[in-house]
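> I am attaching a structure below and will ask some questions about it afterwards.
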Amino acid sequence: MRILIALCFAGFPLLVYLFADRWSPAFLVLTFAGLALARLSLIRAVASVWLWSAAAAIVVFCILSLLDEDLWVFKLYPVFLSAAGAGFFAYTLRHPPCAIRRMVEATGGTVSAAGESYVWWVTMVWMIFFIANAGISLWTAVAANTATWALYNGAISYAAIAALFGLEYMVRIWYRRQHD
């Protein structure tokens, strides 16, 4: 179920592009709301106060989207997602441990003393990436047509995330060889 919902979210910009002219905006928004709330219901590792806050934010976002026939508000969803990602990474830089260290430790790994600086910089890179991604997503929502919005937010941004993951993985291997 998690994989199916994740695939639906990843492909949602494509669905908006393909069906925005055929389906009512209300149907698209309510479908999105259902997927978002289903996704939240599958999350177990987050405190319930955060889940309820996220659910409330989704409901408010969807209500605002329903008031907009052109789906402009709805197209801001990727902006909010990237801004939240940037905010999370920034928060952990200010309130250690940083996000990447938290992720390493959550999977049972440890960060060596030599790796402290590395995970801090990787966290910084992800924060900068999400800021840039939010900016581009905002531009596609405000100034670009729906096709450009869907292409960037449904494909290019995911490809950029995958490329950054891949690049970081190669740098990590090199870094470990240099410091182990």
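To be explicit about the labels: the chains of the structure tokens are called A, B, and onward in the order shown, and within each one the residues are counted from 1, while ligands get numbers from 1 in the order they are shown.
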Taking the DSSP secondary structure from the backbone, can you list the residues of stretch 10-157 of chain A that are alpha helix (DSSP H), as a PyMOL selection string?

chain A and resi 10+12-19+25-41+48-66+77-94+99-106+115-142+146-151+157

> How would the residues just picked look written out with C-alpha atoms as an mmCIF file, in the first residue's frame?


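Dumped to selection-v8.cif:
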```
data_model
loop_
_atom_site.group_PDB
_atom_site.id
_atom_site.type_symbol
_atom_site.label_atom_id
_atom_site.label_comp_id
_atom_site.auth_asym_id
_atom_site.auth_seq_id
_atom_site.Cartn_x
_atom_site.Cartn_y
_atom_site.Cartn_z
ATOM 1 C CA ALA A 10 5.060 10.921 -7.528
ATOM 2 C CA PHE A 12 0.240 13.300 -9.331
ATOM 3 C CA PRO A 13 1.629 16.244 -11.356
ATOM 4 C CA LEU A 14 1.223 14.088 -14.467
ATOM 5 C CA LEU A 15 -2.372 13.305 -13.478
ATOM 6 C CA VAL A 16 -3.054 17.018 -13.027
ATOM 7 C CA TYR A 17 -1.580 17.722 -16.457
ATOM 8 C CA LEU A 18 -3.516 14.926 -18.165
ATOM 9 C CA PHE A 19 -6.874 15.412 -16.465
ATOM 10 C CA PRO A 25 -10.686 20.867 -9.889
ATOM 11 C CA ALA A 26 -12.682 19.624 -6.903
ATOM 12 C CA PHE A 27 -12.218 16.002 -7.986
ATOM 13 C CA LEU A 28 -8.438 16.473 -8.358
ATOM 14 C CA VAL A 29 -8.162 18.208 -4.994
ATOM 15 C CA LEU A 30 -10.284 15.623 -3.185
ATOM 16 C CA THR A 31 -8.306 12.781 -4.787
ATOM 17 C CA PHE A 32 -5.111 14.458 -3.597
ATOM 18 C CA ALA A 33 -6.560 14.912 -0.101
ATOM 19 C CA GLY A 34 -7.492 11.238 0.052
ATOM 20 C CA LEU A 35 -4.004 10.167 -1.011
ATOM 21 C CA ALA A 36 -2.351 12.559 1.434
ATOM 22 C CA LEU A 37 -4.448 11.432 4.370
ATOM 23 C CA ALA A 38 -3.926 7.759 3.431
ATOM 24 C CA ARG A 39 -0.190 8.386 3.336
ATOM 25 C CA LEU A 40 -0.268 10.032 6.758
ATOM 26 C CA SER A 41 -2.214 7.102 8.188
ATOM 27 C CA SER A 48 0.950 11.985 16.728
ATOM 28 C CA VAL A 49 0.966 15.768 17.251
ATOM 29 C CA TRP A 50 2.950 16.115 14.007
ATOM 30 C CA LEU A 51 0.602 13.771 12.167
ATOM 31 C CA TRP A 52 -2.450 15.745 13.287
ATOM 32 C CA SER A 53 -0.712 18.998 12.360
ATOM 33 C CA ALA A 54 0.134 17.629 8.922
ATOM 34 C CA ALA A 55 -3.434 16.371 8.455
ATOM 35 C CA ALA A 56 -4.818 19.776 9.431
ATOM 36 C CA ALA A 57 -2.422 21.518 7.036
ATOM 37 C CA ILE A 58 -3.520 19.201 4.210
ATOM 38 C CA VAL A 59 -7.186 19.898 4.914
ATOM 39 C CA VAL A 60 -6.625 23.681 4.968
ATOM 40 C CA PHE A 61 -4.523 23.471 1.809
ATOM 41 C CA CYS A 62 -7.228 21.466 0.038
ATOM 42 C CA ILE A 63 -9.965 23.872 1.131
ATOM 43 C CA LEU A 64 -7.946 26.799 -0.254
ATOM 44 C CA SER A 65 -7.354 24.809 -3.440
ATOM 45 C CA LEU A 66 -11.083 24.191 -3.829
ATOM 46 C CA TYR A 77 2.000 21.915 -3.110
ATOM 47 C CA PRO A 78 5.523 21.030 -4.384
ATOM 48 C CA VAL A 79 6.701 24.435 -3.152
ATOM 49 C CA PHE A 80 5.391 23.699 0.343
ATOM 50 C CA LEU A 81 6.949 20.234 0.289
ATOM 51 C CA SER A 82 10.388 21.535 -0.697
ATOM 52 C CA ALA A 83 10.146 24.406 1.784
ATOM 53 C CA ALA A 84 9.289 21.897 4.523
ATOM 54 C CA GLY A 85 12.294 19.777 3.512
ATOM 55 C CA ALA A 86 14.566 22.816 3.578
ATOM 56 C CA GLY A 87 13.106 23.851 6.927
ATOM 57 C CA PHE A 88 13.696 20.414 8.421
ATOM 58 C CA PHE A 89 17.321 20.293 7.263
ATOM 59 C CA ALA A 90 17.905 23.881 8.446
ATOM 60 C CA TYR A 91 16.324 23.117 11.825
ATOM 61 C CA THR A 92 18.631 20.152 12.364
ATOM 62 C CA LEU A 93 21.673 22.233 11.464
ATOM 63 C CA ARG A 94 20.694 24.674 14.187
ATOM 64 C CA ALA A 99 19.397 15.401 9.616
ATOM 65 C CA ILE A 100 21.840 13.070 7.865
ATOM 66 C CA ARG A 101 23.288 11.906 11.180
ATOM 67 C CA ARG A 102 19.749 11.283 12.455
ATOM 68 C CA MET A 103 19.028 9.218 9.355
ATOM 69 C CA VAL A 104 22.238 7.223 9.747
ATOM 70 C CA GLU A 105 21.499 6.496 13.385
ATOM 71 C CA ALA A 106 17.844 5.662 12.676
ATOM 72 C CA GLY A 115 32.296 11.753 9.626
ATOM 73 C CA GLU A 116 30.737 14.514 11.743
ATOM 74 C CA SER A 117 31.837 17.264 9.389
ATOM 75 C CA TYR A 118 30.823 15.212 6.361
ATOM 76 C CA VAL A 119 27.233 14.594 7.518
ATOM 77 C CA TRP A 120 26.904 18.270 8.480
ATOM 78 C CA TRP A 121 27.910 19.342 4.957
ATOM 79 C CA VAL A 122 25.629 16.772 3.326
ATOM 80 C CA THR A 123 22.765 18.148 5.409
ATOM 81 C CA MET A 124 23.706 21.651 4.234
ATOM 82 C CA VAL A 125 23.723 20.516 0.584
ATOM 83 C CA TRP A 126 20.245 18.985 0.934
ATOM 84 C CA MET A 127 18.958 22.160 2.560
ATOM 85 C CA ILE A 128 20.293 24.257 -0.324
ATOM 86 C CA PHE A 129 18.855 21.787 -2.827
ATOM 87 C CA PHE A 130 15.394 22.025 -1.288
ATOM 88 C CA ILE A 131 15.555 25.834 -1.243
ATOM 89 C CA ALA A 132 16.449 25.836 -4.948
ATOM 90 C CA ASN A 133 13.787 23.246 -5.710
ATOM 91 C CA ALA A 134 11.160 25.324 -3.880
ATOM 92 C CA GLY A 135 12.162 28.360 -5.923
ATOM 93 C CA ILE A 136 11.905 26.541 -9.240
ATOM 94 C CA SER A 137 8.625 24.915 -8.208
ATOM 95 C CA LEU A 138 7.278 28.338 -7.280
ATOM 96 C CA TRP A 139 8.263 29.693 -10.685
ATOM 97 C CA THR A 140 6.525 26.790 -12.453
ATOM 98 C CA ALA A 141 3.360 27.370 -10.399
ATOM 99 C CA VAL A 142 3.270 31.116 -10.928
ATOM 100 C CA THR A 146 0.594 23.393 -16.587
ATOM 101 C CA ALA A 147 2.727 21.226 -18.886
ATOM 102 C CA THR A 148 5.949 22.847 -17.629
ATOM 103 C CA TRP A 149 4.740 22.617 -14.036
ATOM 104 C CA ALA A 150 3.948 18.913 -14.461
ATOM 105 C CA LEU A 151 7.242 18.182 -16.237
ATOM 106 C CA SER A 157 12.714 17.429 -9.656
#
```

> Just to confirm, what's the straight-line distance from atom CA of A:Val111 to atom CA of A:Ala160 in Å (one decimal)?

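Atom-to-atom, atom CA of A:Val111 and atom CA of A:Ala160 are spaced 26.0 Å apart.
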
> Kindly give the distance, in Å, that separates atom CA of A:Pro96 and atom CA of A:Ala163, rounded to a single decimal.

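Answer for the atom CA of A:Pro96 to atom CA of A:Ala163 separation: 26.3 Å.
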
> Which of these, A:Met1, A:Arg176, A:Leu76, A:Gly166, has the shortest distance to A:Ser112 once you count only C-alpha atoms?

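Of the candidates, the smallest distance to A:Ser112 is held by A:Arg176.
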
> Which residue gives the smallest distance to A:Lys75 among A:Ile173, A:Ile5, A:Ala144, A:Ala162, with only C-alpha atoms counted?

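Among the listed residues, A:Ala144 lies closest to A:Lys75.
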
> One decimal, Å: what's the distance from atom CA of A:Ile161 over to atom CA of A:Asp70, could you say?

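For atom CA of A:Ile161 relative to atom CA of A:Asp70, the distance reads 28.3 Å.
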